[in-house]
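Text of input05.pdb (PDB, C-alpha atoms) as supplied:
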```
ATOM      1  CA  MET A   7     -25.951 -17.943  -4.735
ATOM      2  CA  GLY A   8     -25.330 -16.159  -8.063
ATOM      3  CA  THR A   9     -22.236 -14.102  -8.722
ATOM      4  CA  SER A  10     -24.001 -10.727  -8.678
ATOM      5  CA  GLU A  11     -25.883 -11.581  -5.496
ATOM      6  CA  GLY A  12     -22.705 -12.794  -3.826
ATOM      7  CA  SER A  13     -20.939  -9.582  -4.810
ATOM      8  CA  ALA A  14     -23.748  -7.497  -3.318
ATOM      9  CA  VAL A  15     -23.594  -9.419  -0.046
ATOM     10  CA  SER A  16     -19.808  -9.065   0.073
ATOM     11  CA  THR A  17     -19.991  -5.305  -0.475
ATOM     12  CA  ALA A  18     -22.787  -4.708   2.029
ATOM     13  CA  ALA A  19     -21.271  -6.883   4.748
ATOM     14  CA  ALA A  20     -17.660  -5.779   4.205
ATOM     15  CA  PRO A  21     -17.632  -3.245   7.088
ATOM     16  CA  LEU A  22     -18.760  -5.951   9.532
ATOM     17  CA  VAL A  23     -16.128  -8.334   8.196
ATOM     18  CA  ARG A  24     -13.454  -5.693   8.728
ATOM     19  CA  LEU A  25     -14.642  -5.201  12.294
ATOM     20  CA  VAL A  26     -14.266  -8.927  12.958
ATOM     21  CA  ALA A  27     -10.820  -8.875  11.327
ATOM     22  CA  ALA A  28      -9.713  -6.399  13.992
ATOM     23  CA  TYR A  29     -10.162  -9.200  16.570
ATOM     24  CA  PRO A  30      -7.872 -12.016  15.371
ATOM     25  CA  GLU A  31      -8.533 -13.997  18.561
ATOM     26  CA  GLY A  32     -12.263 -13.900  17.870
ATOM     27  CA  ILE A  33     -15.237 -11.823  18.983
ATOM     28  CA  THR A  34     -18.685 -12.875  20.186
ATOM     29  CA  VAL A  35     -21.826 -11.981  18.270
ATOM     30  CA  ALA A  36     -22.987  -9.729  21.096
ATOM     31  CA  GLU A  37     -19.640  -7.912  21.225
ATOM     32  CA  LEU A  38     -19.601  -7.475  17.454
ATOM     33  CA  LEU A  39     -23.117  -6.067  17.325
ATOM     34  CA  GLU A  40     -22.332  -3.705  20.192
ATOM     35  CA  ALA A  41     -19.184  -2.481  18.410
ATOM     36  CA  ALA A  42     -21.103  -2.151  15.138
ATOM     37  CA  ARG A  43     -23.910  -0.154  16.770
ATOM     38  CA  ASP A  44     -21.323   2.180  18.264
ATOM     39  CA  ARG A  45     -19.517   2.659  14.936
ATOM     40  CA  PHE A  46     -22.497   2.710  12.572
ATOM     41  CA  LYS A  47     -24.940   4.747  14.626
ATOM     42  CA  ARG A  48     -27.352   5.373  11.756
ATOM     43  CA  VAL A  49     -27.816   1.702  10.894
ATOM     44  CA  PRO A  50     -30.750  -0.099  12.579
ATOM     45  CA  ALA A  51     -29.917  -3.074  14.795
ATOM     46  CA  GLN A  52     -32.061  -5.354  12.616
ATOM     47  CA  ARG A  53     -29.985  -4.366   9.593
ATOM     48  CA  LEU A  54     -26.747  -5.228  11.392
ATOM     49  CA  THR A  55     -28.123  -8.615  12.418
ATOM     50  CA  MET A  56     -29.229  -9.340   8.852
ATOM     51  CA  LEU A  57     -25.812  -8.390   7.440
ATOM     52  CA  LEU A  58     -24.119 -10.643   9.982
ATOM     53  CA  GLU A  59     -26.335 -13.548   8.917
ATOM     54  CA  GLN A  60     -25.499 -12.835   5.273
ATOM     55  CA  ALA A  61     -21.771 -12.731   6.004
ATOM     56  CA  LEU A  62     -22.013 -16.112   7.728
ATOM     57  CA  SER A  63     -24.103 -17.593   4.895
ATOM     58  CA  ALA A  64     -21.662 -16.275   2.288
ATOM     59  CA  ARG A  65     -18.768 -17.823   4.272
ATOM     60  CA  LEU A  66     -17.107 -14.470   4.774
ATOM     61  CA  LEU A  67     -17.214 -15.198   8.514
ATOM     62  CA  HIS A  68     -17.433 -18.387  10.524
ATOM     63  CA  GLU A  69     -18.280 -19.130  14.153
ATOM     64  CA  ARG A  70     -16.381 -21.501  16.443
ATOM     65  CA  ASP A  71     -16.780 -21.992  20.193
ATOM     66  CA  GLY A  72     -19.022 -18.948  20.374
ATOM     67  CA  LEU A  73     -16.534 -16.667  18.616
ATOM     68  CA  LEU A  74     -16.610 -15.113  15.148
ATOM     69  CA  PHE A  75     -13.597 -15.192  12.824
ATOM     70  CA  VAL A  76     -12.887 -14.002   9.308
ATOM     71  CA  VAL A  77     -12.624 -16.996   7.001
ATOM     72  CA  GLY A  78      -8.918 -17.636   6.489
ATOM     73  CA  GLY A  79      -7.930 -15.139   9.173
ATOM     74  CA  GLU A  80      -8.230 -17.192  12.355
ATOM     75  CA  GLY A  81      -5.213 -17.127  14.627
ATOM     76  CA  ARG A  82      -3.526 -14.092  13.111
ATOM     77  CA  THR A  83      -2.025 -11.767  15.654
ATOM     78  CA  GLY A  84      -2.905  -8.560  13.852
ATOM     79  CA  PRO A  85      -2.957  -6.830  10.493
ATOM     80  CA  GLU A  86      -0.059  -7.734   8.277
ATOM     81  CA  PRO A  87       2.157  -5.056   6.760
ATOM     82  CA  GLN A  88       1.365  -4.237   3.148
ATOM     83  CA  ASP A  89       3.936  -3.539   0.456
ATOM     84  CA  GLY A  90       6.730  -3.839   3.009
ATOM     85  CA  LEU A  91       5.341  -0.886   4.974
ATOM     86  CA  GLU A  92       3.795  -0.557   8.403
ATOM     87  CA  PRO A  93       0.074  -1.402   8.579
ATOM     88  CA  ARG A  94      -1.900   1.465   7.111
ATOM     89  CA  ARG A  95      -3.739   3.883   9.361
ATOM     90  CA  GLY A  96      -5.978   5.598   6.834
ATOM     91  CA  ALA A  97      -6.558   6.343   3.178
ATOM     92  CA  ARG A  98      -3.616   6.989   0.878
ATOM     93  CA  ALA A  99      -3.564   8.927  -2.377
ATOM     94  CA  VAL A 100      -0.912  10.324  -4.693
ATOM     95  CA  ALA A 101      -1.552  13.425  -6.797
ATOM     96  CA  ILE A 102       0.578  13.308  -9.926
ATOM     97  CA  ASP A 103       1.302  15.605 -12.856
ATOM     98  CA  VAL A 104       3.585  15.502 -15.882
ATOM     99  CA  GLU A 105       5.167  18.032 -18.217
ATOM    100  CA  THR A 106       5.864  16.971 -21.784
ATOM    101  CA  VAL A 107       7.570  17.900 -25.028
ATOM    102  CA  VAL A 108       5.818  17.474 -28.373
ATOM    103  CA  HIS A 109       7.968  16.397 -31.315
ATOM    104  CA  THR A 110       6.864  16.200 -34.943
ATOM    105  CA  THR A 111       7.315  12.956 -36.866
ATOM    106  CA  ALA A 112       7.070  11.900 -40.493
ATOM    107  CA  ALA A 113       4.395   9.258 -39.880
ATOM    108  CA  ALA A 114       0.836   9.515 -38.610
ATOM    109  CA  PRO A 115      -0.224  10.895 -36.196
ATOM    110  CA  TYR A 116       2.801  13.130 -37.007
ATOM    111  CA  VAL A 117       3.501  14.054 -33.399
ATOM    112  CA  GLU A 118       5.080  12.235 -30.493
ATOM    113  CA  ARG A 119       4.931  13.333 -26.883
ATOM    114  CA  ARG A 120       7.492  12.491 -24.197
ATOM    115  CA  ILE A 121       7.486  13.241 -20.481
ATOM    116  CA  PHE A 122      10.417  15.280 -19.208
ATOM    117  CA  GLN A 123       9.163  16.085 -15.671
ATOM    118  CA  ILE A 124       7.008  14.201 -13.167
ATOM    119  CA  GLY A 125       5.794  15.660  -9.898
ATOM    120  CA  ALA A 126       3.879  13.718  -7.264
ATOM    121  CA  VAL A 127       2.555  14.603  -3.806
ATOM    122  CA  ARG A 128       1.142  12.271  -1.179
ATOM    123  CA  THR A 129      -2.162  13.055   0.499
ATOM    124  CA  GLY A 130      -4.830  11.219   2.467
ATOM    125  CA  THR A 131      -5.613  10.363   6.066
ATOM    126  CA  ASP A 132      -2.608   8.105   6.742
ATOM    127  CA  ALA A 133      -0.505  10.908   8.217
ATOM    128  CA  ALA A 134       2.544   8.741   8.886
ATOM    129  CA  TRP A 135       2.686   7.535   5.281
ATOM    130  CA  VAL A 136       2.295  11.074   3.931
ATOM    131  CA  ALA A 137       4.977  12.444   6.255
ATOM    132  CA  GLY A 138       7.377   9.620   5.368
ATOM    133  CA  GLN A 139       7.962  11.166   1.926
ATOM    134  CA  PRO A 140       5.569  14.025   1.166
ATOM    135  CA  ARG A 141       6.573  14.673  -2.449
ATOM    136  CA  ILE A 142       8.869  13.722  -5.284
ATOM    137  CA  GLU A 143      10.047  15.418  -8.445
ATOM    138  CA  VAL A 144      12.043  13.783 -11.227
ATOM    139  CA  PHE A 145      13.333  14.917 -14.603
ATOM    140  CA  LEU A 146      13.623  12.461 -17.476
ATOM    141  CA  SER A 147      16.136  12.589 -20.292
ATOM    142  CA  LEU A 148      14.762  13.074 -23.809
ATOM    143  CA  PRO A 149      15.615  11.114 -26.977
ATOM    144  CA  GLY A 150      17.706  13.882 -28.544
ATOM    145  CA  GLU A 151      18.660  17.544 -28.612
ATOM    146  CA  ASP A 152      15.892  18.305 -31.100
ATOM    147  CA  TRP A 153      13.353  17.660 -28.322
ATOM    148  CA  VAL A 154      13.160  21.245 -27.073
ATOM    149  CA  ILE A 155      11.686  22.333 -23.741
ATOM    150  CA  HIS A 156      10.408  25.851 -24.317
ATOM    151  CA  ASP A 157      10.229  26.945 -20.677
ATOM    152  CA  ARG A 158      13.725  28.230 -19.947
ATOM    153  CA  ALA A 159      13.746  27.528 -16.208
ATOM    154  CA  LEU A 160      12.494  23.968 -16.663
ATOM    155  CA  ARG A 161      14.869  23.398 -19.585
ATOM    156  CA  GLU A 162      17.868  24.411 -17.493
ATOM    157  CA  ARG A 163      16.795  22.207 -14.594
ATOM    158  CA  GLN A 164      16.139  19.257 -16.889
ATOM    159  CA  GLN A 165      19.604  19.571 -18.413
ATOM    160  CA  VAL A 166      21.179  19.385 -14.955
ATOM    161  CA  GLU A 167      18.869  16.965 -13.108
ATOM    162  CA  ALA A 168      17.580  14.535 -15.742
ATOM    163  CA  THR A 169      18.172  10.807 -15.385
ATOM    164  CA  ASP A 170      17.333   8.070 -17.837
ATOM    165  CA  PRO A 171      13.565   7.408 -18.026
ATOM    166  CA  ARG A 172      13.739   3.983 -16.388
ATOM    167  CA  THR A 173      15.578   5.259 -13.321
ATOM    168  CA  ALA A 174      13.202   8.206 -12.976
ATOM    169  CA  LEU A 175      10.112   6.026 -13.328
ATOM    170  CA  GLU A 176      11.446   3.501 -10.821
ATOM    171  CA  ARG A 177      11.770   6.324  -8.296
ATOM    172  CA  VAL A 178       8.163   7.350  -8.933
ATOM    173  CA  HIS A 179       7.068   3.716  -8.599
ATOM    174  CA  ALA A 180       8.770   3.483  -5.211
ATOM    175  CA  PHE A 181       7.166   6.749  -4.105
ATOM    176  CA  CYS A 182       3.688   5.492  -5.042
ATOM    177  CA  THR A 183       4.088   2.142  -3.273
ATOM    178  CA  GLY A 184       1.168   1.517  -0.949
ATOM    179  CA  THR A 185      -1.140   4.138  -2.414
ATOM    180  CA  ASP A 186      -4.838   3.419  -2.810
ATOM    181  CA  VAL A 187      -5.491   6.070  -5.438
ATOM    182  CA  LEU A 188      -3.555   7.832  -8.191
ATOM    183  CA  LEU A 189      -5.003  11.313  -8.772
ATOM    184  CA  ALA A 190      -4.476  13.488 -11.842
ATOM    185  CA  HIS A 191      -6.359  16.460 -13.260
ATOM    186  CA  ASN A 192      -7.565  15.532 -16.739
ATOM    187  CA  GLY A 193      -5.669  12.327 -16.071
ATOM    188  CA  ILE A 194      -7.858  10.048 -18.184
ATOM    189  CA  ALA A 195      -7.142  12.057 -21.322
ATOM    190  CA  ALA A 196      -3.548  13.069 -20.625
ATOM    191  CA  ASP A 197      -1.415  12.057 -17.638
ATOM    192  CA  PHE A 198      -2.420   8.416 -17.182
ATOM    193  CA  PRO A 199      -1.909   7.298 -20.813
ATOM    194  CA  LEU A 200       1.370   9.209 -21.021
ATOM    195  CA  LEU A 201       2.644   7.592 -17.828
ATOM    196  CA  ASP A 202       1.493   4.159 -18.989
ATOM    197  CA  GLU A 203       3.277   4.615 -22.321
ATOM    198  CA  ALA A 204       6.461   5.749 -20.586
ATOM    199  CA  CYS A 205       6.376   2.733 -18.258
ATOM    200  CA  GLY A 206       5.682   0.435 -21.198
ATOM    201  CA  ARG A 207       8.719   1.695 -23.112
ATOM    202  CA  GLU A 208      10.880   0.779 -20.112
ATOM    203  CA  ASN A 209       9.170  -2.601 -19.548
ATOM    204  CA  LEU A 210       7.886  -1.415 -16.184
ATOM    205  CA  PRO A 211       4.422  -2.067 -14.741
ATOM    206  CA  VAL A 212       2.013   0.835 -14.650
ATOM    207  CA  LEU A 213       1.976   2.941 -11.507
ATOM    208  CA  PRO A 214      -0.090   1.471  -8.653
ATOM    209  CA  GLY A 215      -3.404   2.770  -7.385
ATOM    210  CA  GLU A 216      -6.954   3.179  -8.632
ATOM    211  CA  ARG A 217      -7.077   5.910 -11.279
ATOM    212  CA  VAL A 218      -9.090   8.991 -10.310
ATOM    213  CA  ASP A 219      -9.499  11.981 -12.608
ATOM    214  CA  SER A 220     -10.071  15.033 -10.432
ATOM    215  CA  LEU A 221     -11.567  16.849 -13.430
ATOM    216  CA  TYR A 222     -14.633  14.613 -13.058
ATOM    217  CA  LEU A 223     -14.965  15.492  -9.378
ATOM    218  CA  ALA A 224     -14.440  19.182 -10.136
ATOM    219  CA  HIS A 225     -17.391  19.180 -12.547
ATOM    220  CA  CYS A 226     -19.526  17.423  -9.923
ATOM    221  CA  VAL A 227     -18.572  19.620  -6.980
ATOM    222  CA  TRP A 228     -18.387  22.948  -8.848
ATOM    223  CA  PRO A 229     -20.622  22.505 -11.917
ATOM    224  CA  LEU A 230     -20.987  26.266 -12.457
ATOM    225  CA  ALA A 231     -17.294  27.165 -12.276
ATOM    226  CA  ARG A 232     -16.252  29.414 -15.174
ATOM    227  CA  SER A 233     -13.339  27.110 -15.921
ATOM    228  CA  HIS A 234     -12.322  23.682 -14.663
ATOM    229  CA  ARG A 235      -8.676  24.079 -15.639
ATOM    230  CA  LEU A 236      -6.656  23.480 -12.510
ATOM    231  CA  ALA A 237      -5.180  26.940 -11.894
ATOM    232  CA  MET A 238      -8.399  28.795 -12.697
ATOM    233  CA  LEU A 239     -10.411  26.332 -10.644
ATOM    234  CA  ALA A 240      -8.046  26.876  -7.722
ATOM    235  CA  ASP A 241      -8.722  30.607  -7.870
ATOM    236  CA  SER A 242     -12.490  30.184  -8.050
ATOM    237  CA  CYS A 243     -12.714  27.629  -5.228
ATOM    238  CA  GLY A 244     -10.351  29.495  -2.915
ATOM    239  CA  ALA A 245      -7.366  27.130  -2.985
ATOM    240  CA  ASP A 246      -4.091  28.803  -2.047
ATOM    241  CA  ARG A 247      -1.750  29.136  -5.038
ATOM    242  CA  SER A 248       0.976  31.019  -3.202
ATOM    243  CA  GLY A 249       4.493  29.737  -3.741
ATOM    244  CA  LEU A 250       3.485  27.635  -6.731
ATOM    245  CA  ARG A 251       4.483  27.993 -10.361
ATOM    246  CA  TRP A 252       2.039  27.152 -13.145
ATOM    247  CA  HIS A 253       3.056  24.420 -15.618
ATOM    248  CA  ASP A 254       5.580  22.931 -13.229
ATOM    249  CA  ALA A 255       4.691  19.280 -12.565
ATOM    250  CA  ALA A 256       5.687  19.293  -8.898
ATOM    251  CA  ASP A 257       3.811  22.523  -8.184
ATOM    252  CA  ASP A 258       0.764  21.422 -10.171
ATOM    253  CA  ALA A 259       0.618  18.185  -8.164
ATOM    254  CA  GLU A 260       0.756  20.234  -4.960
ATOM    255  CA  LEU A 261      -1.975  22.525  -6.281
ATOM    256  CA  LEU A 262      -4.130  19.501  -7.043
ATOM    257  CA  VAL A 263      -3.809  18.387  -3.415
ATOM    258  CA  ARG A 264      -4.959  21.839  -2.291
ATOM    259  CA  VAL A 265      -7.904  21.833  -4.709
ATOM    260  CA  MET A 266      -8.917  18.358  -3.520
ATOM    261  CA  ALA A 267      -8.846  19.644   0.064
ATOM    262  CA  GLN A 268     -11.239  22.415  -0.974
ATOM    263  CA  ALA A 269     -13.466  19.872  -2.718
ATOM    264  CA  ALA A 270     -13.486  17.732   0.422
ATOM    265  CA  ASP A 271     -14.512  20.744   2.514
ATOM    266  CA  GLU A 272     -17.278  21.483   0.024
ATOM    267  CA  PHE A 273     -18.488  17.878   0.155
ATOM    268  CA  ALA A 274     -18.429  17.886   3.965
ATOM    269  CA  GLY A 275     -20.739  20.913   3.893
ATOM    270  CA  TRP A 276     -23.412  19.198   1.818
ATOM    271  CA  PRO A 277     -26.593  18.114   3.643
ATOM    272  CA  GLY A 278     -26.253  14.695   5.244
ATOM    273  CA  GLU A 279     -29.011  13.260   3.071
ATOM    274  CA  LEU A 280     -27.174  14.310  -0.098
ATOM    275  CA  ARG A 281     -23.878  12.839   1.104
ATOM    276  CA  ALA A 282     -25.661   9.590   1.976
ATOM    277  CA  LEU A 283     -27.284   9.497  -1.470
ATOM    278  CA  VAL A 284     -23.939   9.974  -3.228
ATOM    279  CA  SER A 285     -22.383   7.299  -1.015
ATOM    280  CA  ALA A 286     -25.163   4.861  -1.866
ATOM    281  CA  VAL A 287     -25.167   5.517  -5.606
ATOM    282  CA  CYS A 288     -21.367   5.695  -5.944
ATOM    283  CA  LEU A 289     -20.498   2.958  -3.476
ATOM    284  CA  ASP A 290     -17.716   1.485  -5.637
ATOM    285  CA  SER A 291     -16.385   4.785  -7.030
ATOM    286  CA  PRO A 292     -12.714   5.389  -6.148
ATOM    287  CA  ALA A 293     -13.245   9.084  -6.912
ATOM    288  CA  TRP A 294     -16.094   9.586  -4.459
ATOM    289  CA  ASN A 295     -14.524   7.281  -1.890
ATOM    290  CA  VAL A 296     -11.302   9.294  -1.768
ATOM    291  CA  LEU A 297     -13.238  12.559  -1.603
ATOM    292  CA  ARG A 298     -15.354  11.216   1.255
ATOM    293  CA  GLN A 299     -12.263  10.043   3.118
ATOM    294  CA  LEU A 300     -10.529  13.396   2.669
ATOM    295  CA  ALA A 301     -13.692  15.017   4.017
ATOM    296  CA  GLY A 302     -13.309  13.019   7.208
ATOM    297  CA  GLY A 303     -15.920  10.348   6.561
ATOM    298  CA  PRO A 304     -14.636   6.804   7.154
ATOM    299  CA  ALA A 305     -15.228   4.566   4.172
ATOM    300  CA  ASP A 306     -16.723   1.845   6.374
ATOM    301  CA  VAL A 307     -19.380   4.191   7.734
ATOM    302  CA  ALA A 308     -20.339   5.364   4.269
ATOM    303  CA  GLU A 309     -20.457   1.814   2.952
ATOM    304  CA  MET A 310     -22.723   0.719   5.778
ATOM    305  CA  ASP A 311     -24.962   3.770   5.453
ATOM    306  CA  GLY A 312     -25.190   3.386   1.715
ATOM    307  CA  ALA A 313     -25.533  -0.381   1.425
ATOM    308  CA  THR A 314     -28.852  -1.615   0.076
ATOM    309  CA  ASP A 315     -30.604  -4.802   1.053
ATOM    310  CA  ALA A 316     -29.200  -7.770  -0.825
TER     311      ALA A 316
END
```
Could you quickly redo this structure as structure tokens?
Amino acid sequence: MGTSEGSAVSTAAAPLVRLVAAYPEGITVAELLEAARDRFKRVPAQRLTMLLEQALSARLLHERDGLLFVVGGEGRTGPEPQDGLEPRRGARAVAIDVETVVHTTAAAPYVERRIFQIGAVRTGTDAAWVAGQPRIEVFLSLPGEDWVIHDRALRERQQVEATDPRTALERVHAFCTGTDVLLAHNGIAADFPLLDEACGRENLPVLPGERVDSLYLAHCVWPLARSHRLAMLADSCGADRSGLRWHDAADDAELLVRVMAQAADEFAGWPGELRALVSAVCLDSPAWNVLRQLAGGPADVAEMDGATDA
């Protein structure tokens, strides 16, 4: 079996494999197909049987004494904790935002940008993980007094609360532990490279999680919006901005969570055929997967509905 074909089988059969993994003591074929029919109501029985055969042929599953097991998972008593946390009970995402200072330099490109504030807010369907530490805000020290923060309120807070960049970034790392997705608005062009550079200067790994730029989703969900800048988009899509201050990293991260909730509601209101089409075409897209999960659609169901014949 070629690599691309094997990958297609693995993706299409993954929901069935996860169902089997939920039964570490084994499950019969009949029990599995019954559970799959109950969970994936839109998938024909013949399709489920074919995917099971593919999973067995690809050695994702194996059968012993009439019971099915995940290859390598036989005899486990249950899902193992990840990242030192309790087993996850849903999707996890972190919305993140940074505020920076620009400093002129004598060499090209003649400017340097440093982060002085990071705000991050947990979101997703794993309510226990979100509630464990809903948000974090850190201020980072700057290289010198000539790095001037122009916003007076933020400048005064930074002078009082700032820690060295490594300590601040380690706190953000700990906060993001266990996340599936790292969300930022215009993150590909701005936040993600700035965060990566800051981590690199401190010899720290980049922050965990698949990178998702909510600006991309905003253009897809609201293509006719007058502006896709976060605050203006929030106003046009009906997200609540009360109690939040613009150009404050912690508040902007919170606003992003609220905008994503509006986007999820919008997605949930699309016709079922359109949602299924997006799920099929964007099967491996972290952006669409997190939006679908926030909209209340389990990833497994969407994967099974959207999977094409291998």
Open item on the list: So the first atom is atom CA of A:Val296 and the second is atom CA of A:Ala97; what is the distance between them in Å, to one decimal place?
Closed with: 7.5 Å
Task: Atomic distance atom CA of A:Ala126 - atom CA of A:Asp103, expressed in Å with one decimal - done: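 Pair atom CA of A:Ala126 / atom CA of A:Asp103 returns 6.4 Å.
Closest approach to A:Val178 from the set A:Ser147, A:Gln139, A:Thr111, A:Asn192 is made by A:Gln139, with distances taken over only C-alpha atoms.
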Take the PyMOL selection byres ((chain A and resi 161) around 12), apply it to the structure above, and return the hits as an mmCIF file with C-alpha atoms, keeping the file's coordinate frame.
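Contents of the output file out-v4.cif:
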```
data_model
loop_
_atom_site.group_PDB
_atom_site.id
_atom_site.type_symbol
_atom_site.label_atom_id
_atom_site.label_comp_id
_atom_site.auth_asym_id
_atom_site.auth_seq_id
_atom_site.Cartn_x
_atom_site.Cartn_y
_atom_site.Cartn_z
ATOM 1 C CA GLU A 105 5.167 18.032 -18.217
ATOM 2 C CA THR A 106 5.864 16.971 -21.784
ATOM 3 C CA VAL A 107 7.570 17.900 -25.028
ATOM 4 C CA PHE A 122 10.417 15.280 -19.208
ATOM 5 C CA GLN A 123 9.163 16.085 -15.671
ATOM 6 C CA PHE A 145 13.333 14.917 -14.603
ATOM 7 C CA LEU A 146 13.623 12.461 -17.476
ATOM 8 C CA SER A 147 16.136 12.589 -20.292
ATOM 9 C CA LEU A 148 14.762 13.074 -23.809
ATOM 10 C CA GLU A 151 18.660 17.544 -28.612
ATOM 11 C CA TRP A 153 13.353 17.660 -28.322
ATOM 12 C CA VAL A 154 13.160 21.245 -27.073
ATOM 13 C CA ILE A 155 11.686 22.333 -23.741
ATOM 14 C CA HIS A 156 10.408 25.851 -24.317
ATOM 15 C CA ASP A 157 10.229 26.945 -20.677
ATOM 16 C CA ARG A 158 13.725 28.230 -19.947
ATOM 17 C CA ALA A 159 13.746 27.528 -16.208
ATOM 18 C CA LEU A 160 12.494 23.968 -16.663
ATOM 19 C CA GLU A 162 17.868 24.411 -17.493
ATOM 20 C CA ARG A 163 16.795 22.207 -14.594
ATOM 21 C CA GLN A 164 16.139 19.257 -16.889
ATOM 22 C CA GLN A 165 19.604 19.571 -18.413
ATOM 23 C CA VAL A 166 21.179 19.385 -14.955
ATOM 24 C CA GLU A 167 18.869 16.965 -13.108
ATOM 25 C CA ALA A 168 17.580 14.535 -15.742
ATOM 26 C CA ASP A 254 5.580 22.931 -13.229
#
```
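Picture a line from atom CA of A:Pro292 to atom CA of A:Trp252; it runs 27.2 Å.
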- [ ] Could you expand the PyMOL selection byres ((chain A and resi 250) around 12) into the explicit residues it covers here, written as a PyMOL selection string?
- [x] chain A and resi 237+240+245-249+251-262+264
TODO: Please evaluate the PyMOL selection byres ((chain A and resi 177) around 12) against the displayed coordinates and give the resulting residues as a PyMOL selection string.
DONE: chain A and resi 124-126+139+141-146+169-176+178-183+205+210+213
Restricted to C-alpha atoms, what would the selected residues look like written as a compact mmCIF listing (two decimals), in the coordinates of the input?
```
# COMPACT_ATOMS: atom_id res chain seq x y z
CA ILE A 124 7.01 14.20 -13.17
CA GLY A 125 5.79 15.66 -9.90
CA ALA A 126 3.88 13.72 -7.26
CA GLN A 139 7.96 11.17 1.93
CA ARG A 141 6.57 14.67 -2.45
CA ILE A 142 8.87 13.72 -5.28
CA GLU A 143 10.05 15.42 -8.44
CA VAL A 144 12.04 13.78 -11.23
CA PHE A 145 13.33 14.92 -14.60
CA LEU A 146 13.62 12.46 -17.48
CA THR A 169 18.17 10.81 -15.38
CA ASP A 170 17.33 8.07 -17.84
CA PRO A 171 13.56 7.41 -18.03
CA ARG A 172 13.74 3.98 -16.39
CA THR A 173 15.58 5.26 -13.32
CA ALA A 174 13.20 8.21 -12.98
CA LEU A 175 10.11 6.03 -13.33
CA GLU A 176 11.45 3.50 -10.82
CA VAL A 178 8.16 7.35 -8.93
CA HIS A 179 7.07 3.72 -8.60
CA ALA A 180 8.77 3.48 -5.21
CA PHE A 181 7.17 6.75 -4.11
CA CYS A 182 3.69 5.49 -5.04
CA THR A 183 4.09 2.14 -3.27
CA CYS A 205 6.38 2.73 -18.26
CA LEU A 210 7.89 -1.42 -16.18
CA LEU A 213 1.98 2.94 -11.51
```
Open item on the list: With distances taken over all atoms listed in the file, which residue among A:Leu25, A:Leu289, A:Leu280, A:Ala267 lies nearest A:Gly302?
Closed with: A:Ala267
Open item on the list: Given all atoms listed in the file as the basis, pick out the residue of A:Ala134, A:Ala274, A:Leu62, A:Ala269 nearest to A:Ala20.
Closed with: A:Leu62
- [ ] Measuring atom to atom with all atoms listed in the file, identify which of A:Gly96, A:Ala224, A:His109, A:Arg70 is nearest to A:Met238.
- [x] A:Ala224
Task: Nearest residue to A:His234 from the set A:Val265, A:Val218, A:Ala36, A:Ala99 (distances using only C-alpha atoms) - done: A:Val265
